[in-house]
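The structure appears right after this line, and notes come after that.
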Amino acid sequence: IFFFSLSLFSNEISVIPKPLKMDIKNGSFNVNTKTKITCNDKKLIHITDFLNDFLRENYDLRLDQKISKKTGKQEISFILDNSSEKESYTLHISQNSIVVRGGESGLFYGLQTLLQLMPLEKSPSVTLPQVEIQDKPRFKYRGAMLDVGRYFYTPDEVKKFIDLMAHYKLNTFHWHLTEDAGWRIEIKKYPLLTKIGAWRRGTQSSHPAESFDRLPHGGFYTQAQIKDIVSYAEKRNITIIPEIDMPGHTLAVLAACPEISCTGGPFKVLEAWGVQKDVMCAGNEQTYKFIEDVLDELLEMFPSQIIHIGGDEAPKERWKECPKCQEKISIENLKNEAGLQSYFVKRVGSYLQSKGRKMLGWDEIMEGGLAENAMVMSWRGEESGIEAAKMHHEVVMAPTAFMYLDYYQGDHETEPVNFNVNLPLEKVYSYEPLSSRIPVENYKYIIGVQGNIWTEYIHNYSKIEYMAFPRLLAVAEIGWSDAEKDFDDFSKRLSNNLNWLDKKGVNFRIPDVAYSTTAIANTGDFDLVMQPSVKEANIYYTLNGDDPMLKGTLYHSPIRIIFEDNNPVQLKYIVRTRTGRVSGTRVLNFDK
Ligand code: ACM
Ligand code: ZN
């Protein structure tokens with residue numbers, strides 16, 4: 001339950017993720033045509049350009065930029081300080097100037113904070129509150145994963161997603177590029193991977209509400225497109241970690257290259273969902289040759305230190321019956337198929353290591369023994385992550401119960417078709433990556449968190465935004481902020497941010513409203529105060545069961561809730577944003 005103070009700078013409290021220290025002063029700085037943007041190093045031009053682009057897009061302002069070692073009046077200055085931690089920054093806004101100081105990434109984050117302090121509209125000037133901020137992240141890994149295997153999203157859509165990540169100081173985009181249902185990356189040595197593996201004839205969803213979709217689906221990124229997106233992300237301080245999932249989730253590979261399966265096939269690109277029995281043959285030397293060839297091209301495209309090799313959900317049935325796999329188990333003196341999985345993962349990991357890279361995998365890579373130096377992404381709960389941290393391996397926490405943003409986020413009846421588990425915003429926000437079950441001396445191995453967006457039920461990019469936002473802002477705050485968690489305070493800041501995302505045309509899910517009640521003495525009745533979950537949005541409601549979209553009354557003051565004959569009262573409402581976007585119908589039930 002929360003209320004807004006009507007201050008001139010309502011944005012002043014709305015930075016997400018919440019900065020470490022913030023001191024708000026009286027007074028303001030006006031950005032106008034006379035303001036100059038400076039930086040002390042030409043390495044920072046992408047930052048000053050970024051600010052200028054933002055000012056032009058939002059306020060039709062274009063400012064002069066120059067390189068200067070000094071800060072000055074009427075200047076917005078970015079000062080690279082090599083003694084500063086890489087991701088930390090300070091931001092001082094005074095009446096005369098704005099100065100951002102920090103490490104190279106920190107300056108970009110200082111800029112993002114500055115942008116979040118800017119008004120939604122120029123009215124009549126671009127006025128910023130005087131403030132002193134000192135800030136740095138809690139975790140070094142703050143990620144989001146996008147599954148482009150089940151459904152393909154265009155390069156421009158991926159860039160839009162990266163823009164949104166950057167605005168909230170997320171720094172790692174985990175790009176899940178391959179699936180049973182589609183291979184999405186051009187590999188020049190194996191053209192069939194995209195010629196065959198990137199396309200399916202239709203889609204049989206596992207959801208009862210979705211019938212067979214006879215539309216062929218597919219697509220892939222060319223190497224040139226990938227390089228372009230990698231450099232686009234780099235300018236926004238985002239490292240892209242590519243994932244080539246193996247040995248499971250590889251039906252699209254096997255459709256193109258059946259010779260690296262256990263049975264020889266034939267196979268077709270998956271047209272449904274679920275874990276597949278057919279996986280890469282771990283006993284065939286050709287498989288390893290294939291993987292190394294693919295990785296060679298991948299490493300050319302992705303400078304990331306960390307490379308994700310999947311490793312999840314690889315059933316062992318085929319390996320049990322495959323002479324090659326059994327022979328490998330025997331030659332290598334492995335215990336069983338779990339040992340073979342471990343052998344496979346270790347072999348791929350040491351190949352990456354020989355190229356100066358580091359392997360990250362889903363927590364199944366621990367089965368049969370974890371490879372030296374491997375990093376673990378803990379998704380089936382936290383146990384594997386805790387185990388790996390105790391073994392001094394770096395861990396990214398992404399447990400399903402908190403971090404799977406493909407789960408639905410409200411009333412199952414009215415939310416769009418989704419994976420059938422509920423994960424509301426508040427629960428995401430409540431996640432604490434440093435579990436009390438981790439010995440304190442091993443905390444340092446938990447390098448961060450990640451929100452995952454699997455796309456079995458996400459047919460288009462607009463729904464990606466619906467699933468990711470606002471929950472990804474909660475992930476961003478968990479990853480960045482060291483402050484005490486306070487969901488009401490977060491919701492307050494969120495409401496301003498959602499107004500901004502609304503202006504940007506982002507299809508976020510409009511959160512439920514916050515409300516409070518005041519009892520009417522001795523009657524059991526009460527007054528209901530509602531607060532829209534998006535700043536400047538309106539609430540329309542009904543109390544007689546009618547559809548609030550068609551018949552709703554505009555909420556403007558507390559609603560008296562009266563229990564006639566002691567009957568329960570049902571209030572239905574919708575929230576309508578400034579741009580006219582409307583939430584689904586939400587329901588509040590009250591009993592006397
Ligand atoms: C996963 O969700 N299969 C990693
Ligand atoms: Zn085999």
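All residue names refer to the structure tokens as shown: chains lettered A, B, ... in order, residues numbered from 1 in each chain, ligands numbered from 1 in order.
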As a VMD selection string, please: every protein or nucleic acid residue near ligand 2 (cut-off 10 Å, counting only C-alpha atoms and all ligand atoms). chain A and resid 260 to 264 278 to 284 287 316 to 328
Which residues sit within 8 Å of ligand 1, counting only C-alpha atoms and all ligand atoms, listed as a ChimeraX atom specification? /A:310,312-313,362,379-380,400,454
Only N, CA and C atoms, please: the residues just picked out, written as a CSV table (one decimal), in the first residue's frame.
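Once written, again_21.csv looks like this:
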chain,number,residue,atom,x,y,z
A,310,GLY,N,24.8,-25.3,-22.7
A,310,GLY,CA,23.5,-26.0,-22.4
A,310,GLY,C,23.8,-27.1,-21.4
A,312,ASP,N,21.4,-29.2,-20.4
A,312,ASP,CA,20.2,-29.6,-19.7
A,312,ASP,C,19.4,-30.6,-20.4
A,313,GLU,N,18.6,-31.3,-19.7
A,313,GLU,CA,17.5,-32.2,-20.2
A,313,GLU,C,18.0,-33.1,-21.3
A,362,TRP,N,23.9,-25.4,-17.8
A,362,TRP,CA,22.8,-25.6,-16.9
A,362,TRP,C,23.3,-26.6,-15.8
A,379,TRP,N,19.2,-23.9,-12.2
A,379,TRP,CA,17.8,-23.6,-12.6
A,379,TRP,C,16.8,-24.5,-11.9
A,380,ARG,N,17.2,-25.8,-11.6
A,380,ARG,CA,16.3,-26.7,-11.0
A,380,ARG,C,16.3,-26.4,-9.5
A,400,THR,N,13.9,-21.8,-11.1
A,400,THR,CA,12.6,-21.7,-11.8
A,400,THR,C,11.6,-21.0,-10.9
A,454,TRP,N,11.7,-18.4,-21.6
A,454,TRP,CA,11.5,-19.5,-22.6
A,454,TRP,C,10.2,-19.2,-23.4
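Shortest atom-to-atom contact with Gly479 in chain A among A:Leu192, A:Met359, A:Ile241, A:Met397: A:Met397, counting only C-alpha atoms.
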What residues in range 133-195 of chain A get the DSSP label alpha helix (DSSP H)? Please answer as number ranges by chain. A: 155-167, 192-195
Create the file for the chosen residues now, containing all heavy atoms and written as a short mmCIF file (atom, residue, chain, number, x, y, z; two decimals), in the first residue's frame.
data_model
loop_
_atom_site.label_atom_id
_atom_site.label_comp_id
_atom_site.auth_asym_id
_atom_site.auth_seq_id
_atom_site.Cartn_x
_atom_site.Cartn_y
_atom_site.Cartn_z
N PRO A 155 16.37 -9.36 -35.65
CA PRO A 155 17.48 -8.59 -35.05
C PRO A 155 17.01 -7.28 -34.42
O PRO A 155 17.47 -6.92 -33.34
CB PRO A 155 18.40 -8.34 -36.25
CG PRO A 155 18.18 -9.51 -37.14
CD PRO A 155 16.71 -9.83 -37.01
N ASP A 156 16.08 -6.59 -35.06
CA ASP A 156 15.60 -5.32 -34.48
C ASP A 156 14.87 -5.56 -33.16
O ASP A 156 14.97 -4.74 -32.24
CB ASP A 156 14.67 -4.59 -35.46
CG ASP A 156 15.47 -3.85 -36.53
OD1 ASP A 156 16.70 -3.71 -36.36
OD2 ASP A 156 14.86 -3.44 -37.53
N GLU A 157 14.14 -6.65 -33.08
CA GLU A 157 13.45 -6.96 -31.82
C GLU A 157 14.45 -7.30 -30.73
O GLU A 157 14.31 -6.88 -29.57
CB GLU A 157 12.46 -8.10 -32.06
CG GLU A 157 11.27 -7.66 -32.91
CD GLU A 157 10.40 -8.79 -33.45
OE1 GLU A 157 10.85 -9.96 -33.47
OE2 GLU A 157 9.28 -8.50 -33.88
N VAL A 158 15.48 -8.05 -31.09
CA VAL A 158 16.52 -8.39 -30.11
C VAL A 158 17.19 -7.10 -29.62
O VAL A 158 17.44 -6.93 -28.43
CB VAL A 158 17.55 -9.36 -30.72
CG1 VAL A 158 18.74 -9.56 -29.79
CG2 VAL A 158 16.89 -10.71 -31.03
N LYS A 159 17.42 -6.17 -30.53
CA LYS A 159 18.04 -4.90 -30.14
C LYS A 159 17.14 -4.11 -29.20
O LYS A 159 17.61 -3.47 -28.25
CB LYS A 159 18.37 -4.05 -31.36
CG LYS A 159 19.58 -4.53 -32.12
CD LYS A 159 19.83 -3.62 -33.31
CE LYS A 159 21.06 -4.04 -34.08
NZ LYS A 159 21.23 -3.24 -35.30
N LYS A 160 15.85 -4.14 -29.47
CA LYS A 160 14.92 -3.42 -28.60
C LYS A 160 14.96 -4.00 -27.18
O LYS A 160 14.97 -3.27 -26.19
CB LYS A 160 13.50 -3.51 -29.18
CG LYS A 160 12.56 -2.50 -28.60
CD LYS A 160 11.21 -2.44 -29.30
CE LYS A 160 10.27 -1.53 -28.53
NZ LYS A 160 8.85 -1.82 -28.76
N PHE A 161 15.05 -5.30 -27.12
CA PHE A 161 15.14 -5.97 -25.82
C PHE A 161 16.44 -5.57 -25.11
O PHE A 161 16.45 -5.27 -23.91
CB PHE A 161 15.07 -7.49 -26.03
CG PHE A 161 14.96 -8.27 -24.77
CD1 PHE A 161 13.77 -8.33 -24.07
CD2 PHE A 161 16.06 -8.95 -24.24
CE1 PHE A 161 13.66 -9.05 -22.88
CE2 PHE A 161 15.97 -9.67 -23.06
CZ PHE A 161 14.77 -9.72 -22.38
N ILE A 162 17.53 -5.53 -25.87
CA ILE A 162 18.83 -5.13 -25.31
C ILE A 162 18.78 -3.69 -24.80
O ILE A 162 19.32 -3.37 -23.74
CB ILE A 162 19.94 -5.34 -26.38
CG1 ILE A 162 20.22 -6.83 -26.52
CG2 ILE A 162 21.21 -4.55 -26.04
CD1 ILE A 162 21.11 -7.21 -27.67
N ASP A 163 18.11 -2.81 -25.54
CA ASP A 163 17.94 -1.42 -25.09
C ASP A 163 17.29 -1.38 -23.71
O ASP A 163 17.70 -0.61 -22.83
CB ASP A 163 17.02 -0.66 -26.04
CG ASP A 163 17.74 -0.19 -27.29
OD1 ASP A 163 18.98 -0.11 -27.26
OD2 ASP A 163 17.05 0.09 -28.29
N LEU A 164 16.25 -2.17 -23.55
CA LEU A 164 15.52 -2.15 -22.29
C LEU A 164 16.36 -2.72 -21.16
O LEU A 164 16.36 -2.22 -20.04
CB LEU A 164 14.20 -2.92 -22.44
CG LEU A 164 13.20 -2.23 -23.37
CD1 LEU A 164 12.06 -3.17 -23.74
CD2 LEU A 164 12.65 -0.96 -22.74
N MET A 165 17.12 -3.78 -21.46
CA MET A 165 18.04 -4.33 -20.45
C MET A 165 19.03 -3.25 -20.00
O MET A 165 19.27 -3.08 -18.81
CB MET A 165 18.84 -5.50 -21.04
CG MET A 165 18.05 -6.77 -21.25
SD MET A 165 19.12 -8.06 -22.00
CE MET A 165 20.33 -8.32 -20.70
N ALA A 166 19.59 -2.55 -20.97
CA ALA A 166 20.63 -1.56 -20.67
C ALA A 166 20.09 -0.45 -19.77
O ALA A 166 20.77 0.03 -18.87
CB ALA A 166 21.19 -0.97 -21.96
N HIS A 167 18.85 -0.04 -20.03
CA HIS A 167 18.26 1.05 -19.26
C HIS A 167 18.17 0.69 -17.76
O HIS A 167 18.14 1.57 -16.92
CB HIS A 167 16.86 1.34 -19.81
CG HIS A 167 16.29 2.65 -19.35
ND1 HIS A 167 16.85 3.87 -19.68
CD2 HIS A 167 15.23 2.94 -18.57
CE1 HIS A 167 16.14 4.84 -19.13
NE2 HIS A 167 15.15 4.31 -18.45
N LEU A 192 23.56 -26.79 -43.82
CA LEU A 192 22.27 -27.47 -43.59
C LEU A 192 21.67 -27.13 -42.22
O LEU A 192 20.47 -27.26 -42.01
CB LEU A 192 22.41 -28.99 -43.72
CG LEU A 192 22.76 -29.52 -45.12
CD1 LEU A 192 22.78 -31.04 -45.11
CD2 LEU A 192 21.77 -29.00 -46.17
N LEU A 193 22.53 -26.69 -41.30
CA LEU A 193 22.02 -26.35 -39.96
C LEU A 193 20.92 -25.30 -40.06
O LEU A 193 19.92 -25.35 -39.34
CB LEU A 193 23.15 -25.82 -39.07
CG LEU A 193 24.06 -26.87 -38.44
CD1 LEU A 193 25.22 -26.19 -37.73
CD2 LEU A 193 23.27 -27.76 -37.48
N THR A 194 21.13 -24.32 -40.96
CA THR A 194 20.09 -23.30 -41.10
C THR A 194 19.15 -23.61 -42.27
O THR A 194 17.98 -23.24 -42.23
CB THR A 194 20.72 -21.90 -41.27
OG1 THR A 194 21.84 -21.99 -42.14
CG2 THR A 194 21.18 -21.36 -39.94
N LYS A 195 19.67 -24.31 -43.28
CA LYS A 195 18.80 -24.64 -44.41
C LYS A 195 17.69 -25.59 -43.96
O LYS A 195 16.52 -25.42 -44.31
CB LYS A 195 19.63 -25.29 -45.52
CG LYS A 195 18.89 -25.39 -46.82
CD LYS A 195 19.80 -25.59 -48.02
CE LYS A 195 18.95 -25.60 -49.28
NZ LYS A 195 19.35 -26.61 -50.24
#
Contacts of Val506 in chain A at 9 Å (only C-alpha atoms; same-chain gap of 6+ positions) as a PyMOL selection string: chain A and resi 462+465-466+469+498+500
Which residues in range 132-300 of chain A does DSSP call strand (DSSP E)? List them as a ChimeraX atom specification. /A:132-135,141-147,172-176,178-179,182-183,199-200,217-218,239-246
Which residues are close to Ile478 in chain A, i.e. within 10 Å by only C-alpha atoms, leaving aside same-chain residues fewer than 3 positions away? Reply as a PyMOL selection string. chain A and resi 17-18+137-139+142+428-433+448-450+472-475+481-483+485
Given the choices A:Ile386, A:Leu117, A:Leu170, A:Ile93, which gets closest to Val131 in chain A if the distance is worked out from only C-alpha atoms?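 Residue with the minimum atom-to-atom distance to Val131 in chain A: A:Ile93.
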Might you pull out every residue within 9 Å of Ser77 in chain A, with only C-alpha atoms counted and same-chain residues fewer than 3 positions away left off, and present them as number ranges by chain? A: 36-40, 48, 68, 70-72, 97-101
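Closest approach to Pro208 in chain A among A:Met377, A:Val534, A:Ile562, A:Val417 is made by A:Val417 (distances from only C-alpha atoms).
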Would you list the contacts of range 549-555 of chain A as an mmCIF file with C-alpha atoms, in the first residue's frame, taking every protein, DNA or RNA residue within 7 Å and counting only C-alpha atoms, but skipping same-chain residues closer than 4 positions in sequence?
data_model
loop_
_atom_site.group_PDB
_atom_site.id
_atom_site.type_symbol
_atom_site.label_atom_id
_atom_site.label_comp_id
_atom_site.auth_asym_id
_atom_site.auth_seq_id
_atom_site.Cartn_x
_atom_site.Cartn_y
_atom_site.Cartn_z
ATOM 1 C CA ILE A 539 -8.747 3.047 -13.010
ATOM 2 C CA TYR A 540 -12.264 2.109 -14.201
ATOM 3 C CA TYR A 541 -14.338 -0.131 -11.949
ATOM 4 C CA THR A 542 -17.716 -1.773 -11.479
ATOM 5 C CA ILE A 574 -9.139 -2.198 -15.405
#
List the neighbours of range 488-495 of chain A out to 6 Å using only C-alpha atoms; skip same-chain residues closer than 6 positions along the sequence, and give me the result as a list of chain:residue names.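 After dropping sequence-adjacent residues, the list is A:Ser14, A:Ser533, A:Val534, A:Lys535.
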Next, dump the selected residues to file, keeping only all heavy atoms, as a short mmCIF file (atom, residue, chain, number, x, y, z; two decimals), in the first residue's frame.
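Final file, result_27.cif:
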data_model
loop_
_atom_site.label_atom_id
_atom_site.label_comp_id
_atom_site.auth_asym_id
_atom_site.auth_seq_id
_atom_site.Cartn_x
_atom_site.Cartn_y
_atom_site.Cartn_z
N SER A 14 12.55 7.61 -8.46
CA SER A 14 12.14 6.51 -9.34
C SER A 14 13.26 5.81 -10.07
O SER A 14 13.05 5.28 -11.15
CB SER A 14 11.13 7.03 -10.35
OG SER A 14 10.00 7.43 -9.64
N SER A 533 -1.26 1.40 -10.76
CA SER A 533 0.07 0.81 -10.73
C SER A 533 1.01 1.46 -11.75
O SER A 533 2.20 1.17 -11.78
CB SER A 533 -0.04 -0.68 -11.03
OG SER A 533 -0.88 -0.88 -12.16
N VAL A 534 0.44 2.31 -12.60
CA VAL A 534 1.24 3.05 -13.57
C VAL A 534 0.92 4.51 -13.34
O VAL A 534 -0.26 4.90 -13.30
CB VAL A 534 0.88 2.67 -15.02
CG1 VAL A 534 1.75 3.44 -16.01
CG2 VAL A 534 0.99 1.18 -15.23
N LYS A 535 1.94 5.34 -13.18
CA LYS A 535 1.71 6.75 -12.92
C LYS A 535 0.91 7.37 -14.06
O LYS A 535 1.14 7.07 -15.22
CB LYS A 535 3.05 7.46 -12.76
CG LYS A 535 2.85 8.84 -12.21
CD LYS A 535 4.11 9.35 -11.58
CE LYS A 535 3.91 10.80 -11.19
NZ LYS A 535 3.79 10.94 -9.75
#
My list of candidates is A:Leu360, A:Ala255, A:Val275, A:Leu340. Which is closest to Gln305 in chain A when distances are computed with only C-alpha atoms?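 Once distances to Gln305 in chain A are computed over only C-alpha atoms, the minimum belongs to A:Leu360.
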Hey, which of A:Arg576, A:Gln223, A:Leu295, A:Lys42 ends up closest to Lys69 in chain A? Count only C-alpha atoms.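 Using only C-alpha atoms, the shortest distance to Lys69 in chain A belongs to A:Lys42.
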